[in-house]
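All remarks here apply to the structure that follows.
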Amino acid sequence: MEEVLLRVEHLKKAFGEHVIFKDFNLQVRRGEVVVVIGPSGCGKSTLLRCLNGLEPIQGGKILLDGEPVLREEASIAKMRQKIGMVFQSYELFPHKTILENILLAPIKVQKRSRTEAEAEAMALLQRVGLAERKNDYPRQLSGGQKQRIAIVRALCMHPEILLLDEITAALDPEMVREVLEVVLSLAKAGSTMVIVTHEMNFARAIADRILFIEHGEVVEESSDPKAFFREPATARARAFLHSFDYA
């Protein structure tokens with residue numbers, strides 16, 4: 001059995017009086033792909049932001065490789081190098097070229113040589129079919145292309161785990177597949193990922209484990225995604241899946 005890479009213990013998170021998680025627990029094993037689904041507002045994206053230190057928590061522990069993801073600035077900066085995150089809005093710097101966007105963190109944060117970092121960036125760009133766009137600016141790329149660049153930027157930091165937050169939500173339908181194919185290739189290569197998505201066919205294809213959450217709690221968990229999508233164990237999950245058109 002693979003070792004536990006990420007451990008969430010008794011997580012508490014609230015926005016003022018609005019409680020998101022009051023006792024949330026999660027384990028993610030190295031090489032595992034966990035897909036989190038659920039209705040809007042159930043806490044999926046907030047969970048990812050807590051894991052990456054982007055949101056303060058009010059209680060509990062988040063451990064990566066047995067080390068706490070602490071809230072002090074120095075420790076968060078260190079842990080974020082191990083926990084990559086890709087957002088639905090790309091978060092690319094518009095005034096920098098594609099290559100400059102990718103190289104900024106490896107050179108400035110990790111203090112890697114430009115020669116080494118650029119060689120890796122170009123290899124990753126080649127992998128996602130965008131090597132020839134290295135000198136373009138984000139405004140010159142389609143949504144699907146920008147999202148692939150955001151994934152490359154995260155991978156270039158050598159994260160131990162990758163968090164993907166609704167990465168196809170802002171894309172036109174014809175652009176979705178090109179992004180999902182990149183993520184599927186990462187899963188096949190053994191990357192550890194926690195993915196929030198509303199793409200049910202994608203979730204079924206890529207997940208090693210499905211978490212269906214609502215009101216900040218795990219309603220149903222399944223290590224057999226095909227069985228989950230074919231016949232969920234809970235009435236709530238069945239009702240949720242019936243609202244989607246997937247085959």
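Residues in the structure tokens are named by chain (A, B, ... in the order shown) and by number from 1 within that chain; ligands are numbered from 1 in the order shown.
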Please report as CSV every residue of segment 62-127 of chain A lying within 12 Å of segment 190-198 of chain A, along with the nearest atom pair and their distance in Å (one decimal), using only C-alpha atoms.
```
residue,atom,partner,partner_atom,distance
A:Lys82,CA,A:Thr192,CA,11.2
A:Ile83,CA,A:Met193,CA,9.6
A:Gly84,CA,A:Met193,CA,9.3
A:Met85,CA,A:Val194,CA,9.5
A:Val86,CA,A:Ile195,CA,9.7
A:Phe87,CA,A:Val196,CA,10.2
A:Gln88,CA,A:Thr197,CA,10.1
```
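Neighbours of Lys134 of chain A closer than or equal to 8 Å, with only C-alpha atoms counted and sequence neighbours fewer than 4 positions away skipped, come out as Thr97, Ile98, Leu99, Leu125 and Leu130 of chain A.
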From the options A:Gln110, A:Val179, A:Ser222, A:Asn201, which residue's atoms come nearest to Cys156 of chain A, counting only C-alpha atoms?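 The closest residue to Cys156 of chain A is A:Gln110.
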Could you give me, as JSON lines, every segment 136-192 of chain A residue with an atom at most 12 Å from segment 19-40 of chain A, plus its closest atom pair and distance in Å to one decimal, counting only C-alpha atoms, rows ordered by chain then number?
```
{"residue": "A:Pro159", "atom": "CA", "partner": "A:Arg30", "partner_atom": "CA", "distance": 11.9}
{"residue": "A:Glu160", "atom": "CA", "partner": "A:Arg30", "partner_atom": "CA", "distance": 8.3}
{"residue": "A:Ile161", "atom": "CA", "partner": "A:Arg30", "partner_atom": "CA", "distance": 8.1}
{"residue": "A:Leu162", "atom": "CA", "partner": "A:Val33", "partner_atom": "CA", "distance": 9.5}
{"residue": "A:Leu163", "atom": "CA", "partner": "A:Val34", "partner_atom": "CA", "distance": 9.8}
{"residue": "A:Leu164", "atom": "CA", "partner": "A:Val35", "partner_atom": "CA", "distance": 9.4}
{"residue": "A:Asp165", "atom": "CA", "partner": "A:Val36", "partner_atom": "CA", "distance": 9.7}
{"residue": "A:Glu166", "atom": "CA", "partner": "A:Ile37", "partner_atom": "CA", "distance": 10.1}
{"residue": "A:Val183", "atom": "CA", "partner": "A:Val33", "partner_atom": "CA", "distance": 10.4}
{"residue": "A:Leu184", "atom": "CA", "partner": "A:Val33", "partner_atom": "CA", "distance": 10.1}
{"residue": "A:Leu186", "atom": "CA", "partner": "A:Val33", "partner_atom": "CA", "distance": 9.9}
{"residue": "A:Ala187", "atom": "CA", "partner": "A:Val33", "partner_atom": "CA", "distance": 6.9}
{"residue": "A:Lys188", "atom": "CA", "partner": "A:Gly31", "partner_atom": "CA", "distance": 9.4}
{"residue": "A:Ala189", "atom": "CA", "partner": "A:Gly31", "partner_atom": "CA", "distance": 8.7}
{"residue": "A:Gly190", "atom": "CA", "partner": "A:Gly31", "partner_atom": "CA", "distance": 4.9}
{"residue": "A:Ser191", "atom": "CA", "partner": "A:Gly31", "partner_atom": "CA", "distance": 5.2}
{"residue": "A:Thr192", "atom": "CA", "partner": "A:Gly31", "partner_atom": "CA", "distance": 4.3}
```
As a PyMOL selection string, please: every residue in segment 30-233 of chain A that DSSP puts in helix (DSSP H, G or I). chain A and resi 44-51+73-80+98-108+114-127+131-133+138-140+143-155+173-188+200-206+225-230
Computed gap from atom CA of Lys44 of chain A to atom CA of Glu67 of chain A is 23.0 Å
Just the number, please: distance in Å from atom CA of Gly16 of chain A to atom CA of Leu48 of chain A, one decimal.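 Separation between atom CA of Gly16 of chain A and atom CA of Leu48 of chain A: 19.0 Å.
All residues of protein, DNA or RNA that reach within 8 Å of segment 170-176 of chain A, judged by only C-alpha atoms and not counting those fewer than 4 positions away in the chain, are Gln88, Ser89, Gly143, Gly144 and Leu180 of chain A.
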Write the residues of the selection above to a file with N, CA and C atoms, as a PDB file, in the first residue's frame.
```
ATOM      1  N   GLN A  88      -8.927  27.905 -11.944  1.00  0.00           N
ATOM      2  CA  GLN A  88      -9.749  27.974 -13.156  1.00  0.00           C
ATOM      3  C   GLN A  88      -9.492  29.256 -13.935  1.00  0.00           C
ATOM      4  N   SER A  89      -8.915  30.274 -13.289  1.00  0.00           N
ATOM      5  CA  SER A  89      -8.699  31.564 -13.955  1.00  0.00           C
ATOM      6  C   SER A  89      -7.261  31.749 -14.439  1.00  0.00           C
ATOM      7  N   GLY A 143      -8.199  29.934 -24.178  1.00  0.00           N
ATOM      8  CA  GLY A 143      -8.375  29.529 -22.790  1.00  0.00           C
ATOM      9  C   GLY A 143      -7.754  28.174 -22.504  1.00  0.00           C
ATOM     10  N   GLY A 144      -7.951  27.238 -23.414  1.00  0.00           N
ATOM     11  CA  GLY A 144      -7.381  25.910 -23.222  1.00  0.00           C
ATOM     12  C   GLY A 144      -5.867  25.943 -23.219  1.00  0.00           C
ATOM     13  N   LEU A 180      -8.031  18.279 -20.360  1.00  0.00           N
ATOM     14  CA  LEU A 180      -8.242  17.016 -19.665  1.00  0.00           C
ATOM     15  C   LEU A 180      -7.255  15.949 -20.122  1.00  0.00           C
TER      16      LEU A 180
END
```
Quick one, how far is atom CA of Ile213 of chain A from atom CA of Val152 of chain A?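 Between atom CA of Ile213 of chain A and atom CA of Val152 of chain A the gap works out to 28.9 Å.
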Write down as a list in words the residues of segment 46-199 of chain A whose backbone DSSP state falls under strand (DSSP E). Gly59, Gly60, Lys61, Ile62, Leu63, Leu64, Glu67, Pro68, Ile83, Gly84, Met85, Val86, Ile161, Leu162, Leu163, Leu164, Asp165, Met193, Val194, Ile195 and Val196 of chain A
Using only C-alpha atoms, can you tell me which of A:Glu132, A:Glu55, A:Arg148, A:Met157 comes closest to Ala105 of chain A?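 Checking each candidate against Ala105 of chain A, we get A:Met157 as the closest.
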Go through A:Met122, A:Leu11, A:Leu92, A:Ile210 one by one, measure the shortest atom-to-atom distance of each to Gln58 of chain A using only C-alpha atoms, and give the residue with the smallest value.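 The answer is A:Leu11, which sits nearest to Gln58 of chain A.
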Nearest to Val128 of chain A: which of A:Lys108, A:Arg153, A:His242, A:Arg114 is it, counting only C-alpha atoms? A:Arg153
Could you tell me which of A:Ala203, A:Leu155, A:Ile107, A:Leu141 comes closest to Ala123 of chain A if we count only C-alpha atoms? A:Leu155
Taking 6 positions as the minimum chain separation for residues in the same chain, which residues sit within 10 Å of Pro138 of chain A when counting only C-alpha atoms? Answer as an mmCIF file with all heavy atoms, in the first residue's frame.
```cif
data_model
loop_
_atom_site.group_PDB
_atom_site.id
_atom_site.type_symbol
_atom_site.label_atom_id
_atom_site.label_comp_id
_atom_site.auth_asym_id
_atom_site.auth_seq_id
_atom_site.Cartn_x
_atom_site.Cartn_y
_atom_site.Cartn_z
ATOM 1 N N TYR A 90 -6.477 30.676 -14.481
ATOM 2 C CA TYR A 90 -5.118 30.638 -15.035
ATOM 3 C C TYR A 90 -4.078 31.370 -14.185
ATOM 4 O O TYR A 90 -3.005 30.840 -13.940
ATOM 5 C CB TYR A 90 -5.047 31.193 -16.468
ATOM 6 C CG TYR A 90 -6.235 30.942 -17.337
ATOM 7 C CD1 TYR A 90 -6.869 31.992 -17.981
ATOM 8 C CD2 TYR A 90 -6.739 29.658 -17.516
ATOM 9 C CE1 TYR A 90 -7.968 31.767 -18.786
ATOM 10 C CE2 TYR A 90 -7.849 29.423 -18.319
ATOM 11 C CZ TYR A 90 -8.466 30.483 -18.950
ATOM 12 O OH TYR A 90 -9.552 30.261 -19.737
ATOM 13 N N GLU A 91 -4.372 32.643 -13.810
ATOM 14 C CA GLU A 91 -3.459 33.431 -12.978
ATOM 15 C C GLU A 91 -2.093 33.644 -13.646
ATOM 16 O O GLU A 91 -1.053 33.637 -12.997
ATOM 17 C CB GLU A 91 -3.261 32.765 -11.600
ATOM 18 C CG GLU A 91 -4.534 32.521 -10.818
ATOM 19 C CD GLU A 91 -5.216 33.787 -10.342
ATOM 20 O OE1 GLU A 91 -4.543 34.829 -10.304
ATOM 21 O OE2 GLU A 91 -6.411 33.738 -10.021
ATOM 22 N N LEU A 92 -2.091 33.836 -14.949
ATOM 23 C CA LEU A 92 -0.847 34.141 -15.660
ATOM 24 C C LEU A 92 -0.598 35.652 -15.641
ATOM 25 O O LEU A 92 -1.537 36.452 -15.680
ATOM 26 C CB LEU A 92 -0.916 33.652 -17.104
ATOM 27 C CG LEU A 92 -1.120 32.146 -17.318
ATOM 28 C CD1 LEU A 92 -1.278 31.847 -18.799
ATOM 29 C CD2 LEU A 92 0.030 31.352 -16.724
ATOM 30 N N PHE A 93 0.683 36.036 -15.612
ATOM 31 C CA PHE A 93 1.018 37.461 -15.665
ATOM 32 C C PHE A 93 0.901 37.940 -17.108
ATOM 33 O O PHE A 93 1.623 37.469 -17.993
ATOM 34 C CB PHE A 93 2.438 37.691 -15.163
ATOM 35 C CG PHE A 93 2.611 37.400 -13.702
ATOM 36 C CD1 PHE A 93 3.293 36.266 -13.286
ATOM 37 C CD2 PHE A 93 2.089 38.256 -12.738
ATOM 38 C CE1 PHE A 93 3.461 35.993 -11.942
ATOM 39 C CE2 PHE A 93 2.243 37.988 -11.393
ATOM 40 C CZ PHE A 93 2.931 36.853 -10.979
ATOM 41 N N PRO A 94 -0.002 38.900 -17.378
ATOM 42 C CA PRO A 94 -0.250 39.311 -18.773
ATOM 43 C C PRO A 94 0.920 40.012 -19.432
ATOM 44 O O PRO A 94 1.032 39.998 -20.657
ATOM 45 C CB PRO A 94 -1.456 40.259 -18.645
ATOM 46 C CG PRO A 94 -1.399 40.769 -17.238
ATOM 47 C CD PRO A 94 -0.866 39.628 -16.420
ATOM 48 N N HIS A 95 1.810 40.628 -18.640
ATOM 49 C CA HIS A 95 2.924 41.391 -19.211
ATOM 50 C C HIS A 95 4.171 40.548 -19.420
ATOM 51 O O HIS A 95 5.199 41.074 -19.870
ATOM 52 C CB HIS A 95 3.257 42.580 -18.305
ATOM 53 C CG HIS A 95 3.710 42.188 -16.939
ATOM 54 N ND1 HIS A 95 2.852 41.634 -16.007
ATOM 55 C CD2 HIS A 95 4.935 42.245 -16.337
ATOM 56 C CE1 HIS A 95 3.514 41.381 -14.903
ATOM 57 N NE2 HIS A 95 4.784 41.732 -15.080
ATOM 58 N N LYS A 96 4.101 39.264 -19.109
ATOM 59 C CA LYS A 96 5.245 38.375 -19.295
ATOM 60 C C LYS A 96 4.936 37.333 -20.365
ATOM 61 O O LYS A 96 3.784 36.917 -20.521
ATOM 62 C CB LYS A 96 5.613 37.678 -17.983
ATOM 63 C CG LYS A 96 6.170 38.624 -16.923
ATOM 64 C CD LYS A 96 6.614 37.853 -15.695
ATOM 65 C CE LYS A 96 7.214 38.804 -14.668
ATOM 66 N NZ LYS A 96 8.487 39.406 -15.154
ATOM 67 N N THR A 97 5.962 36.917 -21.081
ATOM 68 C CA THR A 97 5.760 35.870 -22.084
ATOM 69 C C THR A 97 5.434 34.553 -21.398
ATOM 70 O O THR A 97 5.578 34.410 -20.180
ATOM 71 C CB THR A 97 7.022 35.675 -22.944
ATOM 72 O OG1 THR A 97 8.079 35.145 -22.120
ATOM 73 C CG2 THR A 97 7.467 36.976 -23.588
ATOM 74 N N ILE A 98 5.017 33.587 -22.200
ATOM 75 C CA ILE A 98 4.702 32.270 -21.666
ATOM 76 C C ILE A 98 5.903 31.678 -20.936
ATOM 77 O O ILE A 98 5.786 31.183 -19.809
ATOM 78 C CB ILE A 98 4.249 31.331 -22.803
ATOM 79 C CG1 ILE A 98 2.961 31.860 -23.447
ATOM 80 C CG2 ILE A 98 4.076 29.916 -22.297
ATOM 81 C CD1 ILE A 98 1.855 32.210 -22.490
ATOM 82 N N ASN A 101 6.568 33.461 -17.656
ATOM 83 C CA ASN A 101 5.586 33.048 -16.644
ATOM 84 C C ASN A 101 6.010 31.744 -15.970
ATOM 85 O O ASN A 101 5.909 31.593 -14.753
ATOM 86 C CB ASN A 101 4.210 32.873 -17.284
ATOM 87 C CG ASN A 101 3.319 34.087 -17.154
ATOM 88 O OD1 ASN A 101 2.718 34.319 -16.122
ATOM 89 N ND2 ASN A 101 3.265 34.883 -18.217
ATOM 90 N N GLN A 145 -5.291 26.764 -24.078
ATOM 91 C CA GLN A 145 -3.832 26.886 -24.119
ATOM 92 C C GLN A 145 -3.304 27.526 -22.839
ATOM 93 O O GLN A 145 -2.285 27.092 -22.288
ATOM 94 C CB GLN A 145 -3.412 27.692 -25.344
ATOM 95 C CG GLN A 145 -3.634 26.962 -26.655
ATOM 96 C CD GLN A 145 -3.448 27.859 -27.858
ATOM 97 O OE1 GLN A 145 -3.693 29.072 -27.802
ATOM 98 N NE2 GLN A 145 -3.030 27.287 -28.976
ATOM 99 N N LYS A 146 -3.987 28.562 -22.350
ATOM 100 C CA LYS A 146 -3.546 29.215 -21.115
ATOM 101 C C LYS A 146 -3.628 28.250 -19.933
ATOM 102 O O LYS A 146 -2.760 28.270 -19.055
ATOM 103 C CB LYS A 146 -4.400 30.463 -20.852
ATOM 104 C CG LYS A 146 -3.997 31.642 -21.731
ATOM 105 C CD LYS A 146 -4.720 32.918 -21.379
ATOM 106 C CE LYS A 146 -6.098 32.971 -21.987
ATOM 107 N NZ LYS A 146 -6.710 34.302 -21.879
ATOM 108 N N ILE A 149 -0.686 26.010 -20.011
ATOM 109 C CA ILE A 149 0.492 26.729 -19.533
ATOM 110 C C ILE A 149 0.491 26.793 -18.008
ATOM 111 O O ILE A 149 1.530 26.630 -17.355
ATOM 112 C CB ILE A 149 0.548 28.157 -20.116
ATOM 113 C CG1 ILE A 149 0.717 28.113 -21.644
ATOM 114 C CG2 ILE A 149 1.658 28.973 -19.469
ATOM 115 C CD1 ILE A 149 1.952 27.372 -22.116
#
```
